[in-house]
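Peer 1: Structure file coords.txt, compact mmCIF, C-alpha atoms and all ligand atoms, is pasted below:
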# COMPACT_ATOMS: atom_id res chain seq x y z
CA MET M 1 188.71 336.68 51.68
CA SER M 2 186.13 339.34 51.08
CA ASP M 3 182.50 338.63 52.00
CA ASP M 4 180.17 338.43 49.01
CA CYS M 5 183.01 338.20 46.49
CA ILE M 6 182.31 335.51 43.89
CA PHE M 7 185.98 334.96 43.11
CA CYS M 8 186.96 334.72 46.80
CA SER M 9 184.23 332.08 47.08
CA ILE M 10 185.79 330.18 44.17
CA VAL M 11 189.20 330.33 45.89
CA ALA M 12 187.56 329.03 49.09
CA GLY M 13 185.95 326.16 47.16
CA GLU M 14 182.44 327.37 47.99
CA ILE M 15 181.54 327.90 44.33
CA PRO M 16 182.70 325.31 41.80
CA ALA M 17 185.00 326.33 38.98
CA ARG M 18 187.03 324.50 36.34
CA THR M 19 190.53 325.17 37.59
CA VAL M 20 193.23 325.03 34.93
CA TYR M 21 196.25 326.33 36.88
CA GLU M 22 197.12 327.01 40.49
CA THR M 23 200.03 328.27 42.58
CA ASP M 24 200.19 329.41 46.21
CA GLU M 25 199.30 332.95 45.11
CA VAL M 26 197.22 332.56 41.95
CA LEU M 27 194.27 330.59 40.60
CA ALA M 28 193.17 330.25 36.98
CA PHE M 29 189.84 328.82 35.91
CA LEU M 30 187.57 328.74 32.87
CA ASP M 31 185.21 331.68 32.42
CA ALA M 32 181.57 330.70 33.04
CA ASN M 33 180.45 332.70 29.98
CA PRO M 34 183.38 332.28 27.60
CA LEU M 35 183.92 334.72 24.74
CA ALA M 36 185.90 331.95 23.03
CA ARG M 37 186.75 328.31 23.65
CA GLY M 38 189.30 328.17 26.48
CA HIS M 39 188.55 331.68 27.83
CA THR M 40 190.40 331.67 31.14
CA LEU M 41 190.46 334.00 34.14
CA VAL M 42 193.57 334.42 36.28
CA ILE M 43 193.17 335.87 39.77
CA PRO M 44 195.23 336.53 42.88
CA LYS M 45 193.99 334.21 45.63
CA THR M 46 193.73 337.03 48.15
CA HIS M 47 191.22 339.77 47.52
CA ALA M 48 192.15 342.94 45.66
CA GLY M 49 189.43 344.97 44.00
CA ARG M 50 191.45 346.98 41.52
CA VAL M 51 194.82 346.72 39.85
CA GLY M 52 196.06 349.57 42.02
CA ASP M 53 195.26 347.56 45.16
CA LEU M 54 197.81 344.86 44.26
CA ASP M 55 201.14 344.88 46.04
CA VAL M 56 204.35 344.14 44.17
CA ASP M 57 204.42 340.43 45.04
CA ARG M 58 200.88 339.78 43.87
CA THR M 59 201.37 341.87 40.72
CA ARG M 60 204.36 339.76 39.87
CA ALA M 61 202.67 336.46 40.74
CA LEU M 62 199.66 337.38 38.61
CA PHE M 63 201.70 338.37 35.58
CA ASP M 64 204.04 335.39 35.94
CA ALA M 65 200.99 333.15 35.87
CA VAL M 66 199.54 334.94 32.84
CA ALA M 67 202.85 334.61 31.00
CA GLU M 68 203.11 330.91 31.75
CA LEU M 69 199.48 330.14 31.13
CA THR M 70 198.74 332.08 27.94
CA PRO M 71 200.75 329.85 25.55
CA ARG M 72 199.38 326.75 27.28
CA VAL M 73 195.79 327.92 26.87
CA GLN M 74 196.41 328.68 23.19
CA GLU M 75 197.94 325.28 22.66
CA ALA M 76 195.11 323.50 24.50
CA VAL M 77 192.48 324.88 22.11
CA ASP M 78 194.76 325.16 19.06
CA ALA M 79 194.37 328.95 18.93
CA ASP M 80 196.47 331.27 16.79
CA ALA M 81 196.73 334.11 19.31
CA ALA M 82 195.15 335.48 22.46
CA ASN M 83 193.77 338.67 23.91
CA VAL M 84 195.14 339.19 27.40
CA GLY M 85 193.58 341.98 29.41
CA ILE M 86 192.18 343.39 32.60
CA ASN M 87 189.06 345.50 32.94
CA ASP M 88 190.00 347.83 35.79
CA GLY M 89 186.91 349.52 37.22
CA GLU M 90 183.21 349.46 36.47
CA ALA M 91 183.34 352.06 33.68
CA ALA M 92 185.92 349.84 31.94
CA GLY M 93 183.62 346.83 32.07
CA GLN M 94 184.75 345.25 35.34
CA GLU M 95 181.78 343.31 36.65
CA VAL M 96 183.47 341.21 39.32
CA PRO M 97 185.28 343.44 41.82
CA HIS M 98 188.22 341.07 42.36
CA VAL M 99 191.17 341.70 40.02
CA HIS M 100 191.27 339.19 37.17
CA ALA M 101 193.13 338.87 33.90
CA HIS M 102 191.26 337.50 30.91
CA VAL M 103 193.08 335.14 28.56
CA ILE M 104 190.88 334.87 25.48
CA PRO M 105 192.06 332.54 22.72
CA ARG M 106 191.77 333.94 19.19
CA PHE M 107 191.53 332.09 15.90
CA GLU M 108 192.42 333.28 12.40
CA GLY M 109 189.30 334.74 10.84
CA ASP M 110 187.26 334.78 14.02
CA GLY M 111 186.00 338.24 13.30
CA GLY M 112 187.98 340.72 15.40
CA ALA M 113 188.39 341.65 19.03
CA PRO M 114 185.64 340.56 21.43
P1 LIG M 201 184.81 341.41 33.99
O1 LIG M 201 183.65 341.92 33.17
O2 LIG M 201 184.63 341.72 35.46
O3 LIG M 201 186.16 341.80 33.46
O4 LIG M 201 184.79 339.84 33.82
C1 LIG M 201 184.12 339.00 34.71
C2 LIG M 201 184.11 337.63 34.08
O5 LIG M 201 183.81 336.70 35.10
C3 LIG M 201 183.05 337.48 33.00
O6 LIG M 201 183.69 337.07 31.79
C4 LIG M 201 182.11 336.41 33.55
O7 LIG M 201 181.66 335.51 32.55
C5 LIG M 201 182.97 335.69 34.57
N1 LIG M 201 182.24 335.15 35.72
C6 LIG M 201 181.32 335.80 36.49
N2 LIG M 201 180.90 335.00 37.49
C7 LIG M 201 181.56 333.82 37.35
C8 LIG M 201 181.56 332.60 38.09
O8 LIG M 201 180.85 332.44 39.09
N3 LIG M 201 182.38 331.60 37.65
C9 LIG M 201 183.20 331.77 36.56
N4 LIG M 201 183.95 330.72 36.22
N5 LIG M 201 183.23 332.91 35.84
C10 LIG M 201 182.42 333.93 36.23
ZN ZN M 202 187.55 338.57 46.19
Any chance you could give the structure as structure tokens?
Peer 2:
Amino acid sequence: MSDDCIFCSIVAGEIPARTVYETDEVLAFLDANPLARGHTLVIPKTHAGRVGDLDVDRTRALFDAVAELTPRVQEAVDADAANVGINDGEAAGQEVPHVHAHVIPRFEGDGGAP
């Protein structure tokens, strides 16, 4: 747990979130400002700021969760595809300094990448 980290606070249950998936290592919840219906964030439960801060176990747990979750998210909102990605660092658009993967459902004809 890192003080003043929004996503650590979500893991701790101090800030509400709409959890869609959870394991011992990973939590997934709906994005508060979704770019598409079903936009989901997947995070390691213990704090890591950047991708390079993740150890092997957490890297694997995070990607395992993304792999399992992505088709489920698409199915839940009847999407045709998904953008899966991580903004790693402020200059890349990372606003919350706790590693998170975005799973953004995409629909035929929805107008291109977000
Ligand atoms: P980033 O720009 O860091 O890659 O993405 C951060 C994402 O976290 C944004 O899509 C933003 O909407 C989402 N977000 C920020 N604060 C909260 C929050 O308190 N709850 C939830 N569910 N999502 C949040
Ligand atoms: Zn954190």
Peer 1: Per residue of chain M within 8 Å of ligand LIG 201 (chain M), note the shortest atom pair and the distance in Å to one decimal, counting only C-alpha atoms and all ligand atoms, and order the rows by chain and increasing residue number, as JSON lines.
Peer 2:
{"residue": "M:Ile6", "atom": "CA", "partner": "M:LIG201", "partner_atom": "O8", "distance": 5.9}
{"residue": "M:Phe7", "atom": "CA", "partner": "M:LIG201", "partner_atom": "O8", "distance": 7.0}
{"residue": "M:Ile10", "atom": "CA", "partner": "M:LIG201", "partner_atom": "O8", "distance": 7.4}
{"residue": "M:Ile15", "atom": "CA", "partner": "M:LIG201", "partner_atom": "O8", "distance": 7.0}
{"residue": "M:Pro16", "atom": "CA", "partner": "M:LIG201", "partner_atom": "N3", "distance": 7.5}
{"residue": "M:Ala17", "atom": "CA", "partner": "M:LIG201", "partner_atom": "N4", "distance": 5.3}
{"residue": "M:Arg18", "atom": "CA", "partner": "M:LIG201", "partner_atom": "N4", "distance": 6.9}
{"residue": "M:Phe29", "atom": "CA", "partner": "M:LIG201", "partner_atom": "N4", "distance": 6.2}
{"residue": "M:Leu30", "atom": "CA", "partner": "M:LIG201", "partner_atom": "N4", "distance": 5.3}
{"residue": "M:Asp31", "atom": "CA", "partner": "M:LIG201", "partner_atom": "N4", "distance": 4.1}
{"residue": "M:Ala32", "atom": "CA", "partner": "M:LIG201", "partner_atom": "N5", "distance": 3.9}
{"residue": "M:Asn33", "atom": "CA", "partner": "M:LIG201", "partner_atom": "O7", "distance": 4.0}
{"residue": "M:Pro34", "atom": "CA", "partner": "M:LIG201", "partner_atom": "O7", "distance": 6.2}
{"residue": "M:Leu35", "atom": "CA", "partner": "M:LIG201", "partner_atom": "O6", "distance": 7.4}
{"residue": "M:Leu41", "atom": "CA", "partner": "M:LIG201", "partner_atom": "O5", "distance": 7.2}
{"residue": "M:Ile86", "atom": "CA", "partner": "M:LIG201", "partner_atom": "O3", "distance": 6.3}
{"residue": "M:Asn87", "atom": "CA", "partner": "M:LIG201", "partner_atom": "O3", "distance": 4.7}
{"residue": "M:Asp88", "atom": "CA", "partner": "M:LIG201", "partner_atom": "O3", "distance": 7.5}
{"residue": "M:Glu90", "atom": "CA", "partner": "M:LIG201", "partner_atom": "O2", "distance": 7.9}
{"residue": "M:Gly93", "atom": "CA", "partner": "M:LIG201", "partner_atom": "O1", "distance": 5.0}
{"residue": "M:Gln94", "atom": "CA", "partner": "M:LIG201", "partner_atom": "O2", "distance": 3.5}
{"residue": "M:Glu95", "atom": "CA", "partner": "M:LIG201", "partner_atom": "O2", "distance": 3.5}
{"residue": "M:Val96", "atom": "CA", "partner": "M:LIG201", "partner_atom": "O2", "distance": 4.1}
{"residue": "M:Pro97", "atom": "CA", "partner": "M:LIG201", "partner_atom": "O2", "distance": 6.6}
{"residue": "M:His98", "atom": "CA", "partner": "M:LIG201", "partner_atom": "O2", "distance": 7.8}
{"residue": "M:Val99", "atom": "CA", "partner": "M:LIG201", "partner_atom": "O2", "distance": 8.0}
{"residue": "M:His100", "atom": "CA", "partner": "M:LIG201", "partner_atom": "O3", "distance": 6.8}
{"residue": "M:Ala101", "atom": "CA", "partner": "M:LIG201", "partner_atom": "O3", "distance": 7.6}
{"residue": "M:His102", "atom": "CA", "partner": "M:LIG201", "partner_atom": "O3", "distance": 7.1}
Peer 1: Select, from M:Thr59, M:Thr19, M:Thr46, M:Thr40, the residue with the minimum atom-to-atom distance to ligand ZN 202 (chain M), counting only C-alpha atoms and all ligand atoms.
Peer 2: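 Looking at the shortest contact to ligand ZN 202 (chain M), the residue is M:Thr46.
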Peer 1: Using 6 Å as the limit and counting only C-alpha atoms and all ligand atoms, can you tabulate each residue of chain M that touches ligand ZN 202 (chain M), with its shortest atom-to-atom distance in Å and the two atoms involved, as CSV?
Peer 2:
residue,atom,partner,partner_atom,distance
M:Met1,CA,M:ZN202,ZN,5.9
M:Ser2,CA,M:ZN202,ZN,5.1
M:Cys5,CA,M:ZN202,ZN,4.6
M:Phe7,CA,M:ZN202,ZN,5.0
M:Cys8,CA,M:ZN202,ZN,3.9
M:His47,CA,M:ZN202,ZN,4.1
M:His98,CA,M:ZN202,ZN,4.6
Peer 1: Could you give me, as a compact mmCIF listing (two decimals) with C-alpha atoms, keeping the file's coordinate frame, the residues within 8 Å of Ile104 of chain M, counting only C-alpha atoms and dropping anything in the same chain fewer than 2 positions from it?
Peer 2:
# COMPACT_ATOMS: atom_id res chain seq x y z
CA LEU M 35 183.92 334.72 24.74
CA ALA M 36 185.90 331.95 23.03
CA ARG M 37 186.75 328.31 23.65
CA GLY M 38 189.30 328.17 26.48
CA HIS M 39 188.55 331.68 27.83
CA THR M 40 190.40 331.67 31.14
CA ALA M 82 195.15 335.48 22.46
CA ASN M 83 193.77 338.67 23.91
CA VAL M 84 195.14 339.19 27.40
CA HIS M 102 191.26 337.50 30.91
CA ARG M 106 191.77 333.94 19.19
Peer 1: Which residue, M:Pro44, M:Asp80, M:Val73, M:Gly85, has the smallest gap to Val56 of chain M when you use only C-alpha atoms?
Peer 2: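 Result for the nearest residue to Val56 of chain M: M:Pro44.
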Peer 1: Pick the closest to Lys45 of chain M from M:Ala79, M:Ala92, M:Ala12, M:Leu69: which is it, counting all atoms listed in the file?
Peer 2: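 Under the stated criterion, the closest residue is M:Ala12.
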Peer 1: Would you mind telling me which residue in M:Asp64, M:Asp4, M:Asp55, M:Phe107 lies nearest to Thr23 of chain M when using all atoms listed in the file?
Peer 2: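 With all atoms listed in the file as the atom set, the closest residue is M:Asp64.
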Peer 1: Between M:Val20, M:Val103, M:Ala91, M:Val42, which residue has the minimum interatomic distance to Ala61 of chain M, considering all atoms listed in the file?
Peer 2: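 Comparing M:Val20, M:Val103, M:Ala91, M:Val42 against Ala61 of chain M, the winner is M:Val42.
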Peer 1: Point out the residue among M:Glu22, M:Gly89, M:Pro105, M:Gly111 with the least atom-to-atom distance to Arg50 of chain M, counting only C-alpha atoms.
Peer 2: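 So, comparing all the options, the nearest one is M:Gly89.
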Peer 1: Just give me the gap between atom CA of Val66 of chain M and atom CA of Asp3 of chain M in Å, one decimal is fine.
Peer 2: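 Spanning atom CA of Val66 of chain M to atom CA of Asp3 of chain M is a straight-line distance of 25.9 Å.
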Peer 1: Please extract segment 42-85 of chain M and write it out with C-alpha atoms, as a short mmCIF file (atom, residue, chain, number, x, y, z; two decimals), in the first residue's frame.
Peer 2:
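Written file, out-v3.cif:
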data_model
loop_
_atom_site.label_atom_id
_atom_site.label_comp_id
_atom_site.auth_asym_id
_atom_site.auth_seq_id
_atom_site.Cartn_x
_atom_site.Cartn_y
_atom_site.Cartn_z
CA VAL M 42 -6.61 -4.36 -14.25
CA ILE M 43 -4.09 -3.70 -11.49
CA PRO M 44 -1.68 -5.60 -9.26
CA LYS M 45 -2.97 -5.42 -5.69
CA THR M 46 0.39 -4.35 -4.32
CA HIS M 47 1.79 -1.01 -5.38
CA ALA M 48 4.08 -0.66 -8.37
CA GLY M 49 4.39 2.69 -10.08
CA ARG M 50 5.76 1.65 -13.45
CA VAL M 51 5.86 -1.48 -15.54
CA GLY M 52 9.57 -1.80 -14.79
CA ASP M 53 8.82 -1.95 -11.05
CA LEU M 54 6.88 -5.21 -11.42
CA ASP M 55 8.58 -8.43 -10.43
CA VAL M 56 8.15 -11.57 -12.51
CA ASP M 57 5.28 -12.98 -10.42
CA ARG M 58 3.21 -9.82 -10.58
CA THR M 59 3.93 -9.36 -14.29
CA ARG M 60 2.64 -12.83 -14.92
CA ALA M 61 -0.38 -12.45 -12.63
CA LEU M 62 -1.31 -9.18 -14.32
CA PHE M 63 -1.04 -10.55 -17.84
CA ASP M 64 -2.80 -13.79 -16.91
CA ALA M 65 -5.69 -11.71 -15.61
CA VAL M 66 -5.75 -9.55 -18.73
CA ALA M 67 -5.79 -12.64 -20.94
CA GLU M 68 -8.63 -14.22 -19.00
CA LEU M 69 -10.63 -11.05 -18.60
CA THR M 70 -10.42 -9.48 -22.07
CA PRO M 71 -12.71 -11.98 -23.85
CA ARG M 72 -15.12 -11.88 -20.92
CA VAL M 73 -15.33 -8.09 -21.02
CA GLN M 74 -15.94 -8.18 -24.78
CA GLU M 75 -18.66 -10.75 -24.36
CA ALA M 76 -20.31 -8.84 -21.51
CA VAL M 77 -20.83 -5.75 -23.67
CA ASP M 78 -21.12 -7.59 -27.01
CA ALA M 79 -17.99 -5.90 -28.38
CA ASP M 80 -16.20 -6.92 -31.56
CA ALA M 81 -12.66 -6.35 -30.30
CA ALA M 82 -10.68 -4.59 -27.59
CA ASN M 83 -7.75 -2.29 -27.12
CA VAL M 84 -5.50 -3.61 -24.36
CA GLY M 85 -2.75 -1.31 -23.20
#
